[in-house]
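Q: Okay, so here is target_37.pdb, and as you'll see once you scroll down, it has PDB, C-alpha atoms and all ligand atoms.
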ATOM      1  CA  MET A 174      25.590  15.918 -65.102
ATOM      2  CA  THR A 175      25.330  18.183 -62.031
ATOM      3  CA  LYS A 176      21.533  17.811 -62.113
ATOM      4  CA  LYS A 177      21.857  14.013 -61.975
ATOM      5  CA  LEU A 178      24.347  14.287 -59.146
ATOM      6  CA  ASN A 179      22.010  16.611 -57.254
ATOM      7  CA  ILE A 180      19.130  14.161 -57.607
ATOM      8  CA  LEU A 181      21.408  11.353 -56.468
ATOM      9  CA  ILE A 182      22.542  13.318 -53.414
ATOM     10  CA  ILE A 183      18.969  14.323 -52.526
ATOM     11  CA  THR A 184      17.748  10.720 -52.952
ATOM     12  CA  PHE A 185      20.573   9.447 -50.769
ATOM     13  CA  PHE A 186      19.830  12.127 -48.187
ATOM     14  CA  LEU A 187      16.071  11.380 -48.106
ATOM     15  CA  THR A 188      16.694   7.630 -47.908
ATOM     16  CA  SER A 189      19.003   7.998 -44.928
ATOM     17  CA  ILE A 190      16.454  10.260 -43.172
ATOM     18  CA  PHE A 191      13.771   7.647 -43.850
ATOM     19  CA  ILE A 192      15.943   4.794 -42.508
ATOM     20  CA  HIS A 193      16.848   6.810 -39.438
ATOM     21  CA  ALA A 194      13.194   7.681 -38.751
ATOM     22  CA  TYR A 195      12.149   4.053 -39.249
ATOM     23  CA  ASN A 196      14.819   2.873 -36.798
ATOM     24  CA  LEU A 197      13.658   5.395 -34.218
ATOM     25  CA  TYR A 198      10.049   4.322 -34.735
ATOM     26  CA  SER A 199      10.752   0.593 -34.371
ATOM     27  CA  GLU A 200      12.986   1.226 -31.370
ATOM     28  CA  ASN A 201      10.098   3.010 -29.673
ATOM     29  CA  LEU A 202       7.728   0.259 -30.658
ATOM     30  CA  ASN A 203      10.037  -2.307 -29.076
ATOM     31  CA  LYS A 204      10.438  -0.139 -26.016
ATOM     32  CA  ASN A 205       6.675  -0.037 -25.532
ATOM     33  CA  ILE A 206       6.371  -3.771 -25.805
ATOM     34  CA  ASN A 207       9.510  -4.791 -23.946
ATOM     35  CA  MET A 208       9.538  -2.126 -21.283
ATOM     36  CA  GLY A 209       8.374  -4.823 -18.856
ATOM     37  CA  ASN A 210       5.498  -2.713 -17.595
ATOM     38  CA  LEU A 211       4.209  -4.966 -14.886
ATOM     39  CA  VAL A 212       1.400  -4.536 -12.426
ATOM     40  CA  TYR A 213       0.279  -6.962  -9.750
ATOM     41  CA  PHE A 214      -3.299  -8.019  -9.198
ATOM     42  CA  MET A 215      -4.414  -7.016  -5.687
ATOM     43  CA  LEU A 216      -7.819  -8.653  -5.148
ATOM     44  CA  LEU A 217      -8.427 -12.172  -3.891
ATOM     45  CA  GLU A 218      -9.638 -13.091  -7.359
ATOM     46  CA  GLY A 219     -11.243 -11.374 -10.302
ATOM     47  CA  ARG A 220     -11.537 -10.887 -14.006
ATOM     48  CA  GLY A 221     -10.481  -8.282 -16.511
ATOM     49  CA  PHE A 222     -12.900  -5.902 -18.193
ATOM     50  CA  LYS A 223     -13.596  -5.758 -21.900
ATOM     51  CA  ASN A 224     -13.576  -2.017 -21.950
ATOM     52  CA  PRO A 225     -13.396   0.827 -19.426
ATOM     53  CA  ASP A 226     -16.796   2.176 -20.463
ATOM     54  CA  PHE A 227     -18.524  -1.190 -19.978
ATOM     55  CA  ASN A 228     -17.043  -1.729 -16.588
ATOM     56  CA  SER A 229     -19.656  -4.181 -15.400
ATOM     57  CA  ASP A 230     -18.906  -6.401 -18.348
ATOM     58  CA  GLN A 231     -16.234  -8.739 -16.992
ATOM     59  CA  LEU A 232     -14.416 -11.073 -19.336
ATOM     60  CA  PRO A 233     -15.076 -14.683 -18.410
ATOM     61  CA  GLY A 234     -11.881 -15.927 -20.112
ATOM     62  CA  VAL A 235      -9.465 -13.964 -17.911
ATOM     63  CA  LYS A 236      -9.327 -15.220 -14.336
ATOM     64  CA  LEU A 237      -6.787 -13.496 -12.133
ATOM     65  CA  GLU A 238      -5.374 -14.450  -8.760
ATOM     66  CA  PHE A 239      -4.015 -12.421  -5.874
ATOM     67  CA  GLY A 240      -0.472 -11.174  -6.498
ATOM     68  CA  GLU A 241      -0.434 -12.291 -10.146
ATOM     69  CA  ALA A 242       1.978 -10.314 -12.365
ATOM     70  CA  ILE A 243       0.317  -8.836 -15.443
ATOM     71  CA  LYS A 244       1.929  -7.023 -18.341
ATOM     72  CA  TYR A 245       0.230  -3.844 -19.504
ATOM     73  CA  ILE A 246       0.764  -1.870 -22.676
ATOM     74  CA  LYS A 247      -0.701   1.477 -21.727
ATOM     75  CA  LYS A 248      -2.703   3.470 -19.224
ATOM     76  CA  GLU A 249      -5.910   5.267 -20.118
ATOM     77  CA  ARG A 250      -7.949   7.751 -18.108
ATOM     78  CA  TYR A 251     -11.654   7.088 -18.059
ATOM     79  CA  GLU A 252     -14.181   8.650 -15.677
ATOM     80  CA  LYS A 253     -11.638   9.834 -13.086
ATOM     81  CA  LEU A 254      -9.997   6.422 -12.957
ATOM     82  CA  THR A 255      -6.811   5.125 -14.602
ATOM     83  CA  TRP A 256      -7.275   1.881 -16.529
ATOM     84  CA  TYR A 257      -4.457  -0.462 -17.486
ATOM     85  CA  LYS A 258      -4.712  -2.031 -20.906
ATOM     86  CA  CYS A 259      -3.266  -5.496 -20.317
ATOM     87  CA  ILE A 260      -2.223  -8.436 -22.458
ATOM     88  CA  THR A 261      -2.153 -12.160 -21.742
ATOM     89  CA  GLY A 262      -2.323 -15.285 -23.857
ATOM     90  CA  ASN A 263      -6.094 -14.771 -24.036
ATOM     91  CA  GLY A 264      -5.835 -11.350 -25.601
ATOM     92  CA  GLU A 265      -6.396  -7.832 -24.318
ATOM     93  CA  PHE A 266      -8.416  -6.617 -21.368
ATOM     94  CA  TYR A 267      -8.637  -3.650 -19.032
ATOM     95  CA  LEU A 268      -8.104  -3.343 -15.277
ATOM     96  CA  PRO A 269      -8.972  -0.317 -13.132
ATOM     97  CA  GLU A 270      -6.141   1.036 -10.954
ATOM     98  CA  THR A 271      -7.967  -0.122  -7.833
ATOM     99  CA  PHE A 272      -7.409  -3.744  -8.877
ATOM    100  CA  VAL A 273      -3.659  -3.524  -9.344
ATOM    101  CA  ASP A 274      -0.468  -2.150  -7.854
ATOM    102  CA  GLU A 275       2.725  -1.042  -9.572
ATOM    103  CA  LYS A 276       4.869  -2.062  -6.571
ATOM    104  CA  ARG A 277       7.418   0.561  -5.846
ATOM    105  CA  PHE A 278       9.316  -0.734  -2.844
ATOM    106  CA  SER A 279      10.124   1.307   0.180
ATOM    107  CA  ASP A 280      13.815   1.818   0.986
ATOM    108  CA  TYR A 281      13.903  -0.269   4.186
ATOM    109  CA  GLN A 282      16.739  -2.154   5.911
ATOM    110  CA  LEU A 283      16.719  -5.880   6.681
ATOM    111  CA  ASP A 284      18.332  -7.538   9.689
ATOM    112  CA  LEU A 285      20.131 -10.908   9.669
ATOM    113  CA  ASN A 286      16.835 -12.790  10.091
ATOM    114  CA  GLY A 287      15.302 -11.106   7.061
ATOM    115  CA  ASN A 288      13.084  -8.880   9.212
ATOM    116  CA  ILE A 289      12.645  -5.209   8.390
ATOM    117  CA  VAL A 290      14.639  -3.123  10.854
ATOM    118  CA  ILE A 291      11.935  -1.509  12.970
ATOM    119  CA  GLY A 292      11.105   2.017  11.837
ATOM    120  CA  THR A 293      12.924   1.884   8.486
ATOM    121  CA  ALA A 294      10.039   1.168   6.094
ATOM    122  CA  GLU A 295       8.080   3.992   4.516
ATOM    123  CA  ILE A 296       4.646   2.715   3.667
ATOM    124  CA  ASP A 297       2.053   4.851   1.938
ATOM    125  CA  ARG A 298      -0.089   4.828  -1.201
ATOM    126  CA  VAL A 299       2.981   4.773  -3.447
ATOM    127  CA  TYR A 300       5.613   2.790  -1.537
ATOM    128  CA  SER A 301       5.045  -0.714  -0.257
ATOM    129  CA  ILE A 302       6.741  -3.828   1.112
ATOM    130  CA  PRO A 303       6.777  -7.229  -0.658
ATOM    131  CA  LEU A 304       3.527  -9.204  -0.482
ATOM    132  CA  ASP A 305       5.261 -12.251   0.993
ATOM    133  CA  TYR A 306       6.971 -10.311   3.792
ATOM    134  CA  MET A 307       6.193 -11.696   7.233
ATOM    135  CA  PRO A 308       8.314 -10.979  10.325
ATOM    136  CA  THR A 309       9.808 -14.083  11.986
ATOM    137  CA  ASP A 310       9.528 -12.717  15.550
ATOM    138  CA  LEU A 311       5.741 -12.376  15.828
ATOM    139  CA  VAL A 312       4.343 -13.204  19.270
ATOM    140  CA  SER A 313       0.728 -13.616  20.384
ATOM    141  CA  LEU A 314      -0.939 -10.912  22.457
ATOM    142  CA  ASN A 315      -2.453 -11.689  25.863
ATOM    143  CA  ASN A 316      -6.217 -11.397  26.150
ATOM    144  CA  LYS A 317      -5.671  -8.703  28.783
ATOM    145  CA  ILE A 318      -4.655  -6.104  26.189
ATOM    146  CA  LYS A 319      -7.220  -7.114  23.556
ATOM    147  CA  ALA A 320     -10.415  -5.077  23.211
ATOM    148  CA  LYS A 321     -13.444  -6.501  24.991
ATOM    149  CA  GLY A 322     -15.324  -8.817  22.651
ATOM    150  CA  TYR A 323     -12.187  -9.460  20.550
ATOM    151  CA  GLU A 324     -10.453 -11.966  22.843
ATOM    152  CA  TRP A 325     -11.164 -14.688  20.251
ATOM    153  CA  ARG A 326      -9.209 -12.811  17.609
ATOM    154  CA  LYS A 327      -5.693 -14.090  16.939
ATOM    155  CA  MET A 328      -3.486 -11.039  17.458
ATOM    156  CA  ARG A 329       0.270 -10.884  16.959
ATOM    157  CA  LEU A 330       2.991  -8.234  17.013
ATOM    158  CA  ARG A 331       6.748  -8.312  16.722
ATOM    159  CA  ALA A 332       8.179  -9.010  20.181
ATOM    160  CA  GLU A 333       9.709  -5.554  20.716
ATOM    161  CA  ALA A 334       6.540  -3.767  19.593
ATOM    162  CA  LYS A 335       4.407  -6.000  21.814
ATOM    163  CA  THR A 336       6.486  -5.089  24.861
ATOM    164  CA  MET A 337       6.108  -1.360  24.191
ATOM    165  CA  PHE A 338       2.366  -1.429  23.420
ATOM    166  CA  GLU A 339       1.839  -3.566  26.533
ATOM    167  CA  ARG A 340       3.851  -1.171  28.704
ATOM    168  CA  MET A 341       1.926   1.824  27.337
ATOM    169  CA  ILE A 342      -1.460   0.189  27.912
ATOM    170  CA  GLN A 343      -0.490  -0.786  31.486
ATOM    171  CA  ASP A 344       0.693   2.753  32.283
ATOM    172  CA  ALA A 345      -2.551   4.195  30.910
ATOM    173  CA  GLU A 346      -4.423   1.785  33.155
ATOM    174  CA  VAL A 347      -2.628   3.247  36.172
ATOM    175  CA  SER A 348      -4.126   6.599  35.099
ATOM    176  CA  GLY A 349      -7.567   4.953  35.140
ATOM    177  CA  LEU A 350      -7.871   4.490  31.378
ATOM    178  CA  ASN A 351      -8.918   1.434  29.473
ATOM    179  CA  ILE A 352      -6.960   1.365  26.207
ATOM    180  CA  SER A 353      -6.953  -1.901  24.250
ATOM    181  CA  ILE A 354      -6.024  -3.389  20.885
ATOM    182  CA  ILE A 355      -8.554  -4.275  18.228
ATOM    183  CA  SER A 356      -6.224  -5.199  15.346
ATOM    184  CA  SER A 357      -2.475  -5.845  15.060
ATOM    185  CA  PHE A 358      -0.412  -7.823  12.515
ATOM    186  CA  ARG A 359      -2.132  -8.590   9.211
ATOM    187  CA  ASP A 360      -0.545 -10.481   6.330
ATOM    188  CA  SER A 361      -1.022  -9.311   2.742
ATOM    189  CA  LYS A 362      -3.627 -11.975   1.985
ATOM    190  CA  TYR A 363      -5.787 -10.838   4.901
ATOM    191  CA  GLN A 364      -5.338  -7.223   3.747
ATOM    192  CA  SER A 365      -6.453  -8.344   0.288
ATOM    193  CA  MET A 366      -9.619  -9.804   1.818
ATOM    194  CA  LEU A 367     -10.374  -6.441   3.502
ATOM    195  CA  TYR A 368      -9.565  -4.572   0.302
ATOM    196  CA  THR A 369     -11.684  -6.863  -1.898
ATOM    197  CA  ARG A 370     -14.576  -6.550   0.547
ATOM    198  CA  ALA A 371     -14.357  -2.740   0.495
ATOM    199  CA  ILE A 372     -14.431  -2.693  -3.325
ATOM    200  CA  ASN A 373     -17.379  -5.086  -3.440
ATOM    201  CA  ARG A 374     -19.241  -2.800  -1.040
ATOM    202  CA  HIS A 375     -18.277   0.637  -2.351
ATOM    203  CA  GLY A 376     -17.315   0.080  -6.004
ATOM    204  CA  ILE A 377     -14.136   0.340  -8.050
ATOM    205  CA  ASN A 378     -13.417   3.893  -6.912
ATOM    206  CA  GLU A 379     -12.928   2.671  -3.330
ATOM    207  CA  ASN A 380      -9.720   4.002  -1.809
ATOM    208  CA  SER A 381     -10.037   4.168   1.960
ATOM    209  CA  VAL A 382      -8.592   0.708   2.703
ATOM    210  CA  ALA A 383      -4.857   0.243   2.096
ATOM    211  CA  LYS A 384      -3.877  -2.027  -0.778
ATOM    212  CA  PRO A 385      -2.056  -5.240   0.179
ATOM    213  CA  GLY A 386       1.625  -4.413   0.766
ATOM    214  CA  HIS A 387       0.685  -0.821   1.617
ATOM    215  CA  SER A 388      -0.540  -1.419   5.154
ATOM    216  CA  GLU A 389       1.613  -0.788   8.229
ATOM    217  CA  HIS A 390      -0.161  -3.732   9.836
ATOM    218  CA  GLN A 391       1.964  -6.064   7.678
ATOM    219  CA  LEU A 392       5.070  -4.758   9.487
ATOM    220  CA  GLY A 393       3.868  -6.280  12.765
ATOM    221  CA  THR A 394       4.574  -3.039  14.602
ATOM    222  CA  ALA A 395       1.219  -1.226  14.164
ATOM    223  CA  CYS A 396      -2.032  -1.481  16.128
ATOM    224  CA  ASP A 397      -5.550  -0.136  15.988
ATOM    225  CA  LEU A 398      -6.449   1.059  19.476
ATOM    226  CA  THR A 399      -9.779   1.611  21.129
ATOM    227  CA  SER A 400     -11.260   2.086  24.588
ATOM    228  CA  ASP A 401     -14.395   1.488  26.656
ATOM    229  CA  GLU A 402     -15.367   5.145  26.047
ATOM    230  CA  VAL A 403     -16.225   4.347  22.386
ATOM    231  CA  GLY A 404     -17.642   0.889  23.146
ATOM    232  CA  TYR A 405     -14.448  -0.833  21.895
ATOM    233  CA  ALA A 406     -15.140   0.254  18.310
ATOM    234  CA  LEU A 407     -12.934   1.794  15.617
ATOM    235  CA  SER A 408     -14.474   5.205  15.348
ATOM    236  CA  LYS A 409     -13.510   8.806  14.674
ATOM    237  CA  GLY A 410     -15.232   9.544  17.981
ATOM    238  CA  PHE A 411     -12.136   8.076  19.650
ATOM    239  CA  GLU A 412     -10.430  11.463  19.205
ATOM    240  CA  LYS A 413     -12.782  12.928  21.811
ATOM    241  CA  SER A 414     -11.991  10.262  24.404
ATOM    242  CA  LEU A 415      -9.753  10.666  27.432
ATOM    243  CA  ALA A 416      -7.797   7.665  26.159
ATOM    244  CA  TYR A 417      -6.938   9.583  22.984
ATOM    245  CA  GLU A 418      -5.949  12.640  24.995
ATOM    246  CA  TRP A 419      -3.628  10.470  27.111
ATOM    247  CA  LEU A 420      -2.109   8.899  23.969
ATOM    248  CA  THR A 421      -1.493  12.306  22.398
ATOM    249  CA  LYS A 422       0.439  13.359  25.506
ATOM    250  CA  ASN A 423       2.253  10.104  26.225
ATOM    251  CA  SER A 424       2.557   7.628  23.321
ATOM    252  CA  TRP A 425       5.852   9.169  22.087
ATOM    253  CA  ARG A 426       7.503   8.060  25.354
ATOM    254  CA  TYR A 427       7.127   4.471  24.107
ATOM    255  CA  GLY A 428       8.238   5.235  20.525
ATOM    256  CA  ILE A 429       4.601   4.953  19.435
ATOM    257  CA  PHE A 430       3.032   7.519  17.081
ATOM    258  CA  LEU A 431      -0.264   8.165  15.336
ATOM    259  CA  THR A 432       0.299   7.426  11.625
ATOM    260  CA  TYR A 433      -2.537   9.322   9.979
ATOM    261  CA  PRO A 434      -3.117  12.563  11.874
ATOM    262  CA  ARG A 435      -5.864  14.905  10.720
ATOM    263  CA  LEU A 436      -3.368  17.487   9.441
ATOM    264  CA  LYS A 437      -1.321  15.028   7.400
ATOM    265  CA  GLN A 438      -4.055  13.533   5.209
ATOM    266  CA  ARG A 439      -2.569  15.117   2.095
ATOM    267  CA  ILE A 440       0.917  13.775   2.832
ATOM    268  CA  THR A 441      -0.005  10.207   3.770
ATOM    269  CA  GLY A 442      -2.777   9.830   1.183
ATOM    270  CA  TYR A 443      -4.994   8.120   3.735
ATOM    271  CA  THR A 444      -7.880   9.564   5.702
ATOM    272  CA  TYR A 445      -7.557  10.591   9.332
ATOM    273  CA  GLU A 446      -7.445   7.549  11.635
ATOM    274  CA  PRO A 447      -7.263   8.520  15.326
ATOM    275  CA  TRP A 448      -6.950   4.803  16.247
ATOM    276  CA  HIS A 449      -3.974   3.683  14.135
ATOM    277  CA  TYR A 450      -0.592   3.727  15.945
ATOM    278  CA  ARG A 451       2.839   2.480  14.934
ATOM    279  CA  TYR A 452       5.879   1.632  17.024
ATOM    280  CA  TRP A 453       8.992   3.209  15.514
ATOM    281  CA  GLY A 454      11.734   1.568  17.568
ATOM    282  CA  LYS A 455      14.230   2.677  20.135
ATOM    283  CA  ASP A 456      15.957   5.438  18.194
ATOM    284  CA  HIS A 457      12.615   6.622  16.860
ATOM    285  CA  TRP A 458      13.436  10.330  16.852
ATOM    286  CA  ASN A 459      16.071   9.878  14.120
ATOM    287  CA  LYS A 460      13.687   7.764  12.091
ATOM    288  CA  ILE A 461      10.728  10.095  12.462
ATOM    289  CA  PHE A 462      12.944  12.998  11.486
ATOM    290  CA  SER A 463      14.141  11.301   8.300
ATOM    291  CA  LYS A 464      10.597  10.109   7.550
ATOM    292  CA  TYR A 465       9.235  13.652   7.440
ATOM    293  CA  ARG A 466      12.288  14.892   5.607
ATOM    294  CA  ILE A 467      11.575  12.301   2.891
ATOM    295  CA  MET A 468       7.878  13.196   2.842
ATOM    296  CA  LEU A 469       8.638  16.906   2.469
ATOM    297  CA  LYS A 470      10.808  16.155  -0.552
TER     298      LYS A 470
HETATM  299 ZN    ZN B 501      -4.829   0.352  11.316
END
So that I can check it, write out the structure of this file as structure tokens.

A:
Amino acid sequence: MTKKLNILIITFFLTSIFIHAYNLYSENLNKNINMGNLVYFMLLEGRGFKNPDFNSDQLPGVKLEFGEAIKYIKKERYEKLTWYKCITGNGEFYLPETFVDEKRFSDYQLDLNGNIVIGTAEIDRVYSIPLDYMPTDLVSLNNKIKAKGYEWRKMRLRAEAKTMFERMIQDAEVSGLNISIISSFRDSKYQSMLYTRAINRHGINENSVAKPGHSEHQLGTACDLTSDEVGYALSKGFEKSLAYEWLTKNSWRYGIFLTYPRLKQRITGYTYEPWHYRYWGKDHWNKIFSKYRIMLK
């Protein structure tokens, strides 16, 4: 009698363990499928890969467009690159991390017109702004402050940033220097063109150009500067120019700062760019202070 009871108790016990384990397992399974793991396609257009180790073998059935949301089921490391295993109606395919973005948004503030309050957006390799963000107060730059040979280029900045860059360039001119702008506002689609071009040239490990949504140029408050001393080019040689020396001493007076200094490469995740400057707004000291406090965390 007691033996039978024991068997009954043990059977009941084992069954409940089994049911509990099965529930846990299926819950996890559902979690993996329903977690809503989304990535966004960052090139102008492209296709998925069959397999990470046949990375030249693109799948003709899967055509992807810029900004398209794609669900992935897992990440795999292969040859120093993370690959996303994705699913669509057409089945499974792989995408290298250079093709997609997980979109973690920066903690910025918006004003009543839907524009980002100047100096509040943190943009780096991890944090971005929405792809469709475009300031409503963009104004065209005068040819006078454009780099020689680039007068044809349509350049725009947010009105307040334009005023400050213009003032800075004029003051430098008084000191006999010829600082000018080579690139200003860029929308995410234009950034995608630059990014796609860099990958086509240098391969899927390319990481020197910012992904769309991760460029300060999309804020409309950043400029690439150059001068006659470097033949109006974007070059690292700019750091040896008198123009650069003047900027190092004076740009802060206008709320304008170098974004990617040589010593901060590890923090920003981008390489040293002596030409890339951003306007941080009128109370820039508070913003810069909180920016580095966040970065140090
Ligand atoms: Zn730049």

Q: Any chance you could tabulate, as JSON lines, the residues of chain A at most 9 Å from ligand ZN 501 (chain B) with each one's nearest atom pair and distance in Å to one decimal, using all atoms listed in the file, in chain and rising number order?

A:
{"residue": "A:Ser356", "atom": "CA", "partner": "B:ZN501", "partner_atom": "ZN", "distance": 7.0}
{"residue": "A:Ser357", "atom": "CA", "partner": "B:ZN501", "partner_atom": "ZN", "distance": 7.6}
{"residue": "A:Ser388", "atom": "CA", "partner": "B:ZN501", "partner_atom": "ZN", "distance": 7.7}
{"residue": "A:Glu389", "atom": "CA", "partner": "B:ZN501", "partner_atom": "ZN", "distance": 7.2}
{"residue": "A:His390", "atom": "CA", "partner": "B:ZN501", "partner_atom": "ZN", "distance": 6.4}
{"residue": "A:Ala395", "atom": "CA", "partner": "B:ZN501", "partner_atom": "ZN", "distance": 6.9}
{"residue": "A:Cys396", "atom": "CA", "partner": "B:ZN501", "partner_atom": "ZN", "distance": 5.9}
{"residue": "A:Asp397", "atom": "CA", "partner": "B:ZN501", "partner_atom": "ZN", "distance": 4.8}
{"residue": "A:Leu398", "atom": "CA", "partner": "B:ZN501", "partner_atom": "ZN", "distance": 8.3}
{"residue": "A:Thr432", "atom": "CA", "partner": "B:ZN501", "partner_atom": "ZN", "distance": 8.7}
{"residue": "A:Glu446", "atom": "CA", "partner": "B:ZN501", "partner_atom": "ZN", "distance": 7.7}
{"residue": "A:Trp448", "atom": "CA", "partner": "B:ZN501", "partner_atom": "ZN", "distance": 7.0}
{"residue": "A:His449", "atom": "CA", "partner": "B:ZN501", "partner_atom": "ZN", "distance": 4.4}
{"residue": "A:Tyr450", "atom": "CA", "partner": "B:ZN501", "partner_atom": "ZN", "distance": 7.1}
{"residue": "A:Arg451", "atom": "CA", "partner": "B:ZN501", "partner_atom": "ZN", "distance": 8.7}

Q: Could you tell me how far CA of Ile429 in chain A sits from CA of Trp453 in chain A, in Å to one decimal place?

A: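 Spanning CA of Trp453 in chain A to CA of Ile429 in chain A is a straight-line distance of 6.1 Å.
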
Q: If you count only C-alpha atoms, which residues fall within 9 Å of Gly292 in chain A, apart from same-chain ones fewer than 5 positions away, as number ranges by chain?

A: A: 281, 394, 451-457, 460-461

Q: Looking at A:Leu314, A:Ala294, A:Asp280, A:Lys223, which one is nearest to Ile260 in chain A, with distances taken over all atoms listed in the file?

A: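 Answer, going by the shortest atom-to-atom distance: A:Lys223.
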
Q: My list of candidates is A:Leu181, A:Leu211, A:Leu415, A:Leu304. Which is closest to Gly240 in chain A when distances are computed with only C-alpha atoms?

A: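 Ranking A:Leu181, A:Leu211, A:Leu415, A:Leu304 by distance to Gly240 in chain A, first place goes to A:Leu304.
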
Q: Expanded to explicit residues, what is the PyMOL selection byres (((chain A and resi 400) around 8) and not hetatm) for this file, as a count of residues only?

A: 15

Q: Which polymer residues have any atom within 10 Å of an atom of Lys362 in chain A, counting only C-alpha atoms, with same-chain residues fewer than 6 positions away left out, as a list in words?

A: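 My reading of the contact set: Met215, Leu216, Leu217, Phe239, Gly240, Leu304, Asp305, Tyr368, Pro385, Gly386 and Gln391 of chain A.
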
Q: Need the shell around range 266-279 of chain A: protein/DNA/RNA residues with any atom at most 7 Å away, counting only C-alpha atoms. Skip same-chain ones fewer than 6 positions apart. Format as a PDB file with C-alpha atoms, in the frame of the given file?

A:
ATOM      1  CA  LEU A 211       4.209  -4.966 -14.886  1.00  0.00           C
ATOM      2  CA  VAL A 212       1.400  -4.536 -12.426  1.00  0.00           C
ATOM      3  CA  TYR A 213       0.279  -6.962  -9.750  1.00  0.00           C
ATOM      4  CA  PHE A 214      -3.299  -8.019  -9.198  1.00  0.00           C
ATOM      5  CA  MET A 215      -4.414  -7.016  -5.687  1.00  0.00           C
ATOM      6  CA  LEU A 216      -7.819  -8.653  -5.148  1.00  0.00           C
ATOM      7  CA  GLY A 221     -10.481  -8.282 -16.511  1.00  0.00           C
ATOM      8  CA  PHE A 222     -12.900  -5.902 -18.193  1.00  0.00           C
ATOM      9  CA  LYS A 223     -13.596  -5.758 -21.900  1.00  0.00           C
ATOM     10  CA  ASN A 224     -13.576  -2.017 -21.950  1.00  0.00           C
ATOM     11  CA  PRO A 225     -13.396   0.827 -19.426  1.00  0.00           C
ATOM     12  CA  LEU A 254      -9.997   6.422 -12.957  1.00  0.00           C
ATOM     13  CA  THR A 255      -6.811   5.125 -14.602  1.00  0.00           C
ATOM     14  CA  TRP A 256      -7.275   1.881 -16.529  1.00  0.00           C
ATOM     15  CA  TYR A 257      -4.457  -0.462 -17.486  1.00  0.00           C
ATOM     16  CA  LYS A 258      -4.712  -2.031 -20.906  1.00  0.00           C
ATOM     17  CA  CYS A 259      -3.266  -5.496 -20.317  1.00  0.00           C
ATOM     18  CA  ILE A 260      -2.223  -8.436 -22.458  1.00  0.00           C
ATOM     19  CA  ALA A 294      10.039   1.168   6.094  1.00  0.00           C
ATOM     20  CA  GLU A 295       8.080   3.992   4.516  1.00  0.00           C
ATOM     21  CA  ILE A 296       4.646   2.715   3.667  1.00  0.00           C
ATOM     22  CA  VAL A 299       2.981   4.773  -3.447  1.00  0.00           C
ATOM     23  CA  TYR A 300       5.613   2.790  -1.537  1.00  0.00           C
ATOM     24  CA  SER A 301       5.045  -0.714  -0.257  1.00  0.00           C
ATOM     25  CA  ILE A 302       6.741  -3.828   1.112  1.00  0.00           C
ATOM     26  CA  ILE A 377     -14.136   0.340  -8.050  1.00  0.00           C
ATOM     27  CA  ASN A 378     -13.417   3.893  -6.912  1.00  0.00           C
TER      28      ASN A 378
END

Q: With only C-alpha atoms as the atoms that count, which of A:Val312, A:Ala345, A:Ala334, A:Met366 lies nearest to Ile291 in chain A?

A: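 Answer, going by the shortest atom-to-atom distance: A:Ala334.
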
Q: Rounded to one decimal, what separation in Å do you get between CA of Tyr433 in chain A and CA of Tyr445 in chain A?

A: 5.2 Å

Q: Kindly provide the residues of range 407-448 of chain A that approach range 338-343 of chain A to within 10 Å, each paired with its closest atom pair and their distance in Å to one decimal, based on all atoms listed in the file, listed by chain and increasing number, as JSON lines.

A:
{"residue": "A:Ala416", "atom": "CA", "partner": "A:Ile342", "partner_atom": "CA", "distance": 10.0}
{"residue": "A:Leu420", "atom": "CA", "partner": "A:Met341", "partner_atom": "CA", "distance": 8.8}
{"residue": "A:Asn423", "atom": "CA", "partner": "A:Met341", "partner_atom": "CA", "distance": 8.4}
{"residue": "A:Ser424", "atom": "CA", "partner": "A:Met341", "partner_atom": "CA", "distance": 7.1}
{"residue": "A:Trp425", "atom": "CA", "partner": "A:Met341", "partner_atom": "CA", "distance": 9.8}
{"residue": "A:Arg426", "atom": "CA", "partner": "A:Met341", "partner_atom": "CA", "distance": 8.6}
{"residue": "A:Tyr427", "atom": "CA", "partner": "A:Met341", "partner_atom": "CA", "distance": 6.7}
{"residue": "A:Gly428", "atom": "CA", "partner": "A:Phe338", "partner_atom": "CA", "distance": 9.3}
{"residue": "A:Ile429", "atom": "CA", "partner": "A:Phe338", "partner_atom": "CA", "distance": 7.8}

Q: Expressed in Å to a single decimal, how great is the separation between CA of Lys319 in chain A and CA of Ile355 in chain A?

A: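 Calculated distance between CA of Lys319 in chain A and CA of Ile355 in chain A is 6.2 Å.
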
Q: Restricting the calculation to only C-alpha atoms, which member of A:Thr309, A:Met328, A:Pro447, A:Leu431 is positioned closest to Ser408 in chain A?

A: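 Looking at the shortest contact to Ser408 in chain A, the residue is A:Pro447.
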
Q: Near Asn263 in chain A, counting only C-alpha atoms, which residues have an atom at most 8 Å away, once you skip same-chain residues fewer than 2 positions from it, shown as a short mmCIF file (atom, residue, chain, number, x, y, z; two decimals) with C-alpha atoms, in the coordinates of the input?

A:
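Wrote it out as around.cif, contents follow:
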data_model
loop_
_atom_site.label_atom_id
_atom_site.label_comp_id
_atom_site.auth_asym_id
_atom_site.auth_seq_id
_atom_site.Cartn_x
_atom_site.Cartn_y
_atom_site.Cartn_z
CA GLY A 234 -11.88 -15.93 -20.11
CA VAL A 235 -9.46 -13.96 -17.91
CA ILE A 260 -2.22 -8.44 -22.46
CA THR A 261 -2.15 -12.16 -21.74
CA GLU A 265 -6.40 -7.83 -24.32
#
